[in-house]
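Inspection log for the structure reproduced underneath, given as structure tokens.
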Amino acid sequence: MWTTPSCAIPAVTGPLGETLHMFRLTGTLYCRAELSAPWGIDVPTLPGCMTLQVVTAGRCWLEVDGTEPQLIGPGSLTLIPDGIPHRFRSAPGAPTEPLFDIPVQRLSDRYEIMRHGGGGELTQITYAVLRPDHIAARRLVAQLPPVLHLDRFDDDDAGWLHSTLRLVAREAQALQPGGETMLTRLADVLVIQVIRAWLDTAPEARQGWLAALRDEQIGRALTALHRAPEHDWSVAELAQQAGMSRSAFAARFTDLVGEPVIRYLATWRLQLAHDHLRRSAEPLPVVARRFGYQSEAAFCRAFKRAYGVPPGQVRRDGAEAG
């Protein structure tokens with residue numbers, strides 16, 4: 001479990017900051033939980049999702065296999081980036097109930113209130129299940145630790161945290177029109193701030209793809225590639241963006257990212273196309289050109305090699321899910 005120190009969080013700029021700018025979340029579920037001791041909740045695996053927990057009153061224990069149990073107090077928030085199973089308890093050893101076995105008051109498709117427990121000391125938690133909505137977000141999430149915890153700050157530099165948590169608590173209590181949209185935007189802010197703190201202090205944030213984004217030269221090439229995935233990039237042209245020789249650029253890119261630049265470009269394009277197909281009704285030839293393919297046939301062949309199904313199937317699946 002990673003826990004931020006009690007200090008101000010500086011902004012992350014450059015290619016890494018631009019990647020955070022692409023970080024978008026879709027709110028899948030918001031729950032305002034009113035829990036009276038003794039209580040315990042067993043949260044199952046939530047594939048493709050991350051969870052954000054904000055304790056607005058009281059305290060609880062968070063347990064994630066492979067990490068030490070964490071006591072979470074009021075004004076603290078915890079991010080579990082990869083949807084792994086976890087448990088909340090009022091006290092160590094308190095019995096738990098499976099999350100989906102606990103009755104809730106459903107206010108909409110995405111918003112619910114849970115009242116659960118034995119009638120003792122009260123804990124209130126605003127719980128969000130969120131889905132990263134861009135390939136950059138998913139790549140970043142893949143490098144995060146299993147749990148990120150942001151302690152309550154007591155200094156003036158962390159006014160953003162207090163203000164945002166107050167807004168979360170207010171929206172969770174008020175249930176006004178547009179409340180789900182507000183909570184989604186506030187969740188964006190909280191998730192990005194937790195990640196920024198980790199990026200600034202954790203040694204693991206200077207490895208792999210994140211190290212490549214931080215690299216002054218490779219970062220410039222990645223920024224250019226990300227901004228214009230449809231461009232007919234060559235290794236020589238990307239090396240020019242980085243201000244390096246072709247051979248030195250190719251070697252450093254592979255060393256930092258873990259794959260050659262042209263393979264990275266092909267994967268990036270197809271992942272963008274996959275996401276786009278689930279949301280768009282654009283004709284396939286237009287989608288192909290949007291992501292750097294000169295013909296629909298070439299795009300379809302590459303897509304099927306990567307995903308095992310043709311682009312049209314992903315589009316149909318996306319329409320049914322919507």
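Ligands are numbered from 1 in the order shown, residues from 1 within each chain, and chains are lettered A, B, ... in the order they appear in the structure tokens.
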Residues near Ala250 (chain A), cut-off 9 Å, only C-alpha atoms, skip fewer than 5 positions along chain, as a PyMOL selection string:
chain A and resi 235-236+239+245+255+260-261
Export, as a short mmCIF file (atom, residue, chain, number, x, y, z; two decimals), in the first residue's frame, the selected residues with C-alpha atoms.
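result.cif, freshly written:
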```
data_model
loop_
_atom_site.label_atom_id
_atom_site.label_comp_id
_atom_site.auth_asym_id
_atom_site.auth_seq_id
_atom_site.Cartn_x
_atom_site.Cartn_y
_atom_site.Cartn_z
CA VAL A 235 11.34 5.87 -36.78
CA ALA A 236 13.50 8.55 -38.39
CA ALA A 239 13.88 10.39 -33.75
CA SER A 245 19.91 9.80 -34.16
CA ASP A 255 14.83 0.06 -23.43
CA PRO A 260 9.99 -1.07 -30.40
CA VAL A 261 8.47 2.26 -31.31
#
```
Neighbour list for Gly118 (chain A) as a PDB file with N, CA and C atoms, in the first residue's frame, cut-off 12 Å, only C-alpha atoms, skip fewer than 2 positions in-chain:
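Here's the written file out24.pdb:
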```
ATOM      1  N   GLU A  34     -24.051   4.311   4.780  1.00  0.00           N
ATOM      2  CA  GLU A  34     -24.207   4.667   6.187  1.00  0.00           C
ATOM      3  C   GLU A  34     -24.119   3.371   6.969  1.00  0.00           C
ATOM      4  N   LEU A  35     -23.017   3.184   7.694  1.00  0.00           N
ATOM      5  CA  LEU A  35     -22.661   1.886   8.251  1.00  0.00           C
ATOM      6  C   LEU A  35     -22.530   2.000   9.762  1.00  0.00           C
ATOM      7  N   SER A  36     -23.264   1.170  10.480  1.00  0.00           N
ATOM      8  CA  SER A  36     -23.237   1.221  11.945  1.00  0.00           C
ATOM      9  C   SER A  36     -22.624  -0.060  12.488  1.00  0.00           C
ATOM     10  N   ALA A  37     -21.677   0.091  13.401  1.00  0.00           N
ATOM     11  CA  ALA A  37     -20.924  -1.052  13.928  1.00  0.00           C
ATOM     12  C   ALA A  37     -21.846  -2.028  14.676  1.00  0.00           C
ATOM     13  N   PRO A  38     -21.490  -3.336  14.629  1.00  0.00           N
ATOM     14  CA  PRO A  38     -20.422  -3.915  13.806  1.00  0.00           C
ATOM     15  C   PRO A  38     -20.886  -4.139  12.376  1.00  0.00           C
ATOM     16  N   TRP A  39     -19.974  -4.013  11.432  1.00  0.00           N
ATOM     17  CA  TRP A  39     -20.312  -4.238  10.032  1.00  0.00           C
ATOM     18  C   TRP A  39     -19.051  -4.638   9.266  1.00  0.00           C
ATOM     19  N   GLY A  40     -19.254  -5.247   8.106  1.00  0.00           N
ATOM     20  CA  GLY A  40     -18.151  -5.587   7.219  1.00  0.00           C
ATOM     21  C   GLY A  40     -18.689  -5.829   5.818  1.00  0.00           C
ATOM     22  N   SER A  90     -15.764  -2.523  10.348  1.00  0.00           N
ATOM     23  CA  SER A  90     -15.804  -1.549  11.429  1.00  0.00           C
ATOM     24  C   SER A  90     -14.664  -1.778  12.413  1.00  0.00           C
ATOM     25  N   ALA A  94     -14.426  -8.166  12.389  1.00  0.00           N
ATOM     26  CA  ALA A  94     -15.879  -8.027  12.251  1.00  0.00           C
ATOM     27  C   ALA A  94     -16.352  -8.864  11.065  1.00  0.00           C
ATOM     28  N   PRO A  95     -17.493  -9.557  11.194  1.00  0.00           N
ATOM     29  CA  PRO A  95     -17.972 -10.392  10.079  1.00  0.00           C
ATOM     30  C   PRO A  95     -18.315  -9.539   8.861  1.00  0.00           C
ATOM     31  N   THR A  96     -18.124 -10.102   7.670  1.00  0.00           N
ATOM     32  CA  THR A  96     -18.391  -9.375   6.435  1.00  0.00           C
ATOM     33  C   THR A  96     -19.534 -10.011   5.663  1.00  0.00           C
ATOM     34  N   ARG A 115     -27.589   1.299   3.759  1.00  0.00           N
ATOM     35  CA  ARG A 115     -27.651   1.406   5.219  1.00  0.00           C
ATOM     36  C   ARG A 115     -27.490  -0.004   5.770  1.00  0.00           C
ATOM     37  N   HIS A 116     -26.441  -0.202   6.565  1.00  0.00           N
ATOM     38  CA  HIS A 116     -26.078  -1.570   6.938  1.00  0.00           C
ATOM     39  C   HIS A 116     -25.360  -1.552   8.274  1.00  0.00           C
ATOM     40  N   GLY A 120     -24.447   0.378  15.978  1.00  0.00           N
ATOM     41  CA  GLY A 120     -23.472   1.058  16.824  1.00  0.00           C
ATOM     42  C   GLY A 120     -22.880   2.306  16.184  1.00  0.00           C
ATOM     43  N   GLU A 121     -21.605   2.543  16.448  1.00  0.00           N
ATOM     44  CA  GLU A 121     -20.912   3.734  15.961  1.00  0.00           C
ATOM     45  C   GLU A 121     -21.054   3.868  14.438  1.00  0.00           C
ATOM     46  N   LEU A 122     -21.301   5.088  13.972  1.00  0.00           N
ATOM     47  CA  LEU A 122     -21.613   5.320  12.561  1.00  0.00           C
ATOM     48  C   LEU A 122     -20.368   5.683  11.761  1.00  0.00           C
ATOM     49  N   THR A 123     -20.260   5.087  10.597  1.00  0.00           N
ATOM     50  CA  THR A 123     -19.248   5.462   9.595  1.00  0.00           C
ATOM     51  C   THR A 123     -19.973   5.761   8.296  1.00  0.00           C
TER      52      THR A 123
END
```
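For Cys60 (chain A), the residues within 7 Å (counting only C-alpha atoms, excluding itself and residues fewer than 6 positions away along the chain) are A:Leu71, A:Ile72, A:Gly73, A:Phe88, A:Arg89, A:Ser90, A:Ala91.
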Quick one: everything within 12 Å of Gln176 (chain A), counting only C-alpha atoms, minus sequence neighbours fewer than 6 positions away in the same chain. Send it as a short mmCIF file (atom, residue, chain, number, x, y, z; two decimals) with C-alpha atoms, in the first residue's frame.
```cif
data_model
loop_
_atom_site.label_atom_id
_atom_site.label_comp_id
_atom_site.auth_asym_id
_atom_site.auth_seq_id
_atom_site.Cartn_x
_atom_site.Cartn_y
_atom_site.Cartn_z
CA LEU A 107 -32.06 6.20 -6.61
CA TYR A 111 -26.59 6.06 -7.61
CA ARG A 170 -22.42 17.71 0.11
CA MET A 182 -20.88 16.44 -10.16
CA LEU A 183 -19.63 13.33 -8.40
#
```
Choose the residue, out of A:Ala136, A:Ala221, A:Ala297, A:Ala281, that has the smallest atom-to-atom separation from Ile262 (chain A); count only C-alpha atoms.
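Smallest separation from Ile262 (chain A) among the options: A:Ala221.
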Proximity check region 221-296 of chain A to region 12-30 of chain A, 10 Å, nearest pairs one decimal Å, only C-alpha atoms, as a Markdown table:
```
| residue | atom | partner | partner_atom | distance |
| --- | --- | --- | --- | --- |
| A:Ala221 | CA | A:Pro15 | CA | 9.3 |
| A:Leu222 | CA | A:Pro15 | CA | 7.6 |
| A:Thr223 | CA | A:Pro15 | CA | 5.8 |
| A:Ala224 | CA | A:Pro15 | CA | 9.4 |
| A:His226 | CA | A:Thr19 | CA | 8.9 |
| A:Arg227 | CA | A:Glu18 | CA | 9.7 |
```
Would you list the contacts of Leu99 (chain A) as a VMD selection string, taking every protein, DNA or RNA residue within 7 Å and counting only C-alpha atoms, but skipping same-chain residues closer than 4 positions in sequence?
chain A and resid 41 to 43
Just to be explicit: take each residue in the selection above, keep C-alpha atoms, and write the result as a tab-separated table (two decimals), in the first residue's frame.
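Contents of again30.tsv, as written:
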```tsv
chain	number	residue	atom	x	y	z
A	41	ILE	CA	-18.36	-5.55	3.43
A	42	ASP	CA	-16.60	-7.93	1.06
A	43	VAL	CA	-16.09	-6.28	-2.35
```
Non-local contacts of Ala142 (chain A) (12 Å; only C-alpha atoms; under 6 positions in same chain excluded) as a list in words:
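Selected residues are Gly48, Cys49, Met50, Ile80, Pro81, Asp82, Gly83, Pro132, Ile135, Ala136, Glu204, Ala205, Gly208, Trp209 and Leu210 of chain A.
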Could the residues in this selection be written to a file with N, CA and C atoms, as an mmCIF file, in the first residue's frame?
```cif
data_model
loop_
_atom_site.group_PDB
_atom_site.id
_atom_site.type_symbol
_atom_site.label_atom_id
_atom_site.label_comp_id
_atom_site.auth_asym_id
_atom_site.auth_seq_id
_atom_site.Cartn_x
_atom_site.Cartn_y
_atom_site.Cartn_z
ATOM 1 N N GLY A 48 -11.703 -4.249 -14.960
ATOM 2 C CA GLY A 48 -11.669 -3.038 -15.770
ATOM 3 C C GLY A 48 -12.065 -1.784 -15.035
ATOM 4 N N CYS A 49 -12.252 -1.863 -13.726
ATOM 5 C CA CYS A 49 -12.716 -0.711 -12.949
ATOM 6 C C CYS A 49 -11.695 -0.339 -11.876
ATOM 7 N N MET A 50 -11.810 0.874 -11.364
ATOM 8 C CA MET A 50 -11.103 1.281 -10.170
ATOM 9 C C MET A 50 -12.139 1.759 -9.164
ATOM 10 N N ILE A 80 -8.212 2.185 -5.240
ATOM 11 C CA ILE A 80 -7.815 0.826 -5.610
ATOM 12 C C ILE A 80 -7.901 0.774 -7.129
ATOM 13 N N PRO A 81 -6.758 0.907 -7.831
ATOM 14 C CA PRO A 81 -6.783 1.176 -9.262
ATOM 15 C C PRO A 81 -7.286 0.041 -10.138
ATOM 16 N N ASP A 82 -7.103 -1.207 -9.700
ATOM 17 C CA ASP A 82 -7.303 -2.312 -10.643
ATOM 18 C C ASP A 82 -8.475 -3.208 -10.308
ATOM 19 N N GLY A 83 -9.439 -2.728 -9.527
ATOM 20 C CA GLY A 83 -10.640 -3.499 -9.258
ATOM 21 C C GLY A 83 -10.417 -4.806 -8.535
ATOM 22 N N PRO A 132 -11.658 3.718 -16.302
ATOM 23 C CA PRO A 132 -10.786 4.576 -17.117
ATOM 24 C C PRO A 132 -11.265 4.590 -18.559
ATOM 25 N N ILE A 135 -6.971 5.070 -23.387
ATOM 26 C CA ILE A 135 -5.858 4.137 -23.328
ATOM 27 C C ILE A 135 -4.727 4.686 -22.463
ATOM 28 N N ALA A 136 -4.511 6.009 -22.477
ATOM 29 C CA ALA A 136 -3.470 6.593 -21.626
ATOM 30 C C ALA A 136 -3.777 6.335 -20.160
ATOM 31 N N GLU A 204 8.743 3.704 -8.025
ATOM 32 C CA GLU A 204 8.188 2.922 -9.138
ATOM 33 C C GLU A 204 7.631 3.807 -10.248
ATOM 34 N N ALA A 205 7.378 5.081 -9.941
ATOM 35 C CA ALA A 205 6.845 6.000 -10.944
ATOM 36 C C ALA A 205 7.920 6.456 -11.916
ATOM 37 N N GLY A 208 9.679 2.062 -16.603
ATOM 38 C CA GLY A 208 8.835 1.679 -17.730
ATOM 39 C C GLY A 208 8.279 2.853 -18.517
ATOM 40 N N TRP A 209 7.000 2.744 -18.875
ATOM 41 C CA TRP A 209 6.337 3.751 -19.703
ATOM 42 C C TRP A 209 6.371 5.128 -19.050
ATOM 43 N N LEU A 210 6.227 5.176 -17.742
ATOM 44 C CA LEU A 210 6.278 6.462 -17.045
ATOM 45 C C LEU A 210 7.666 7.069 -17.129
#
```
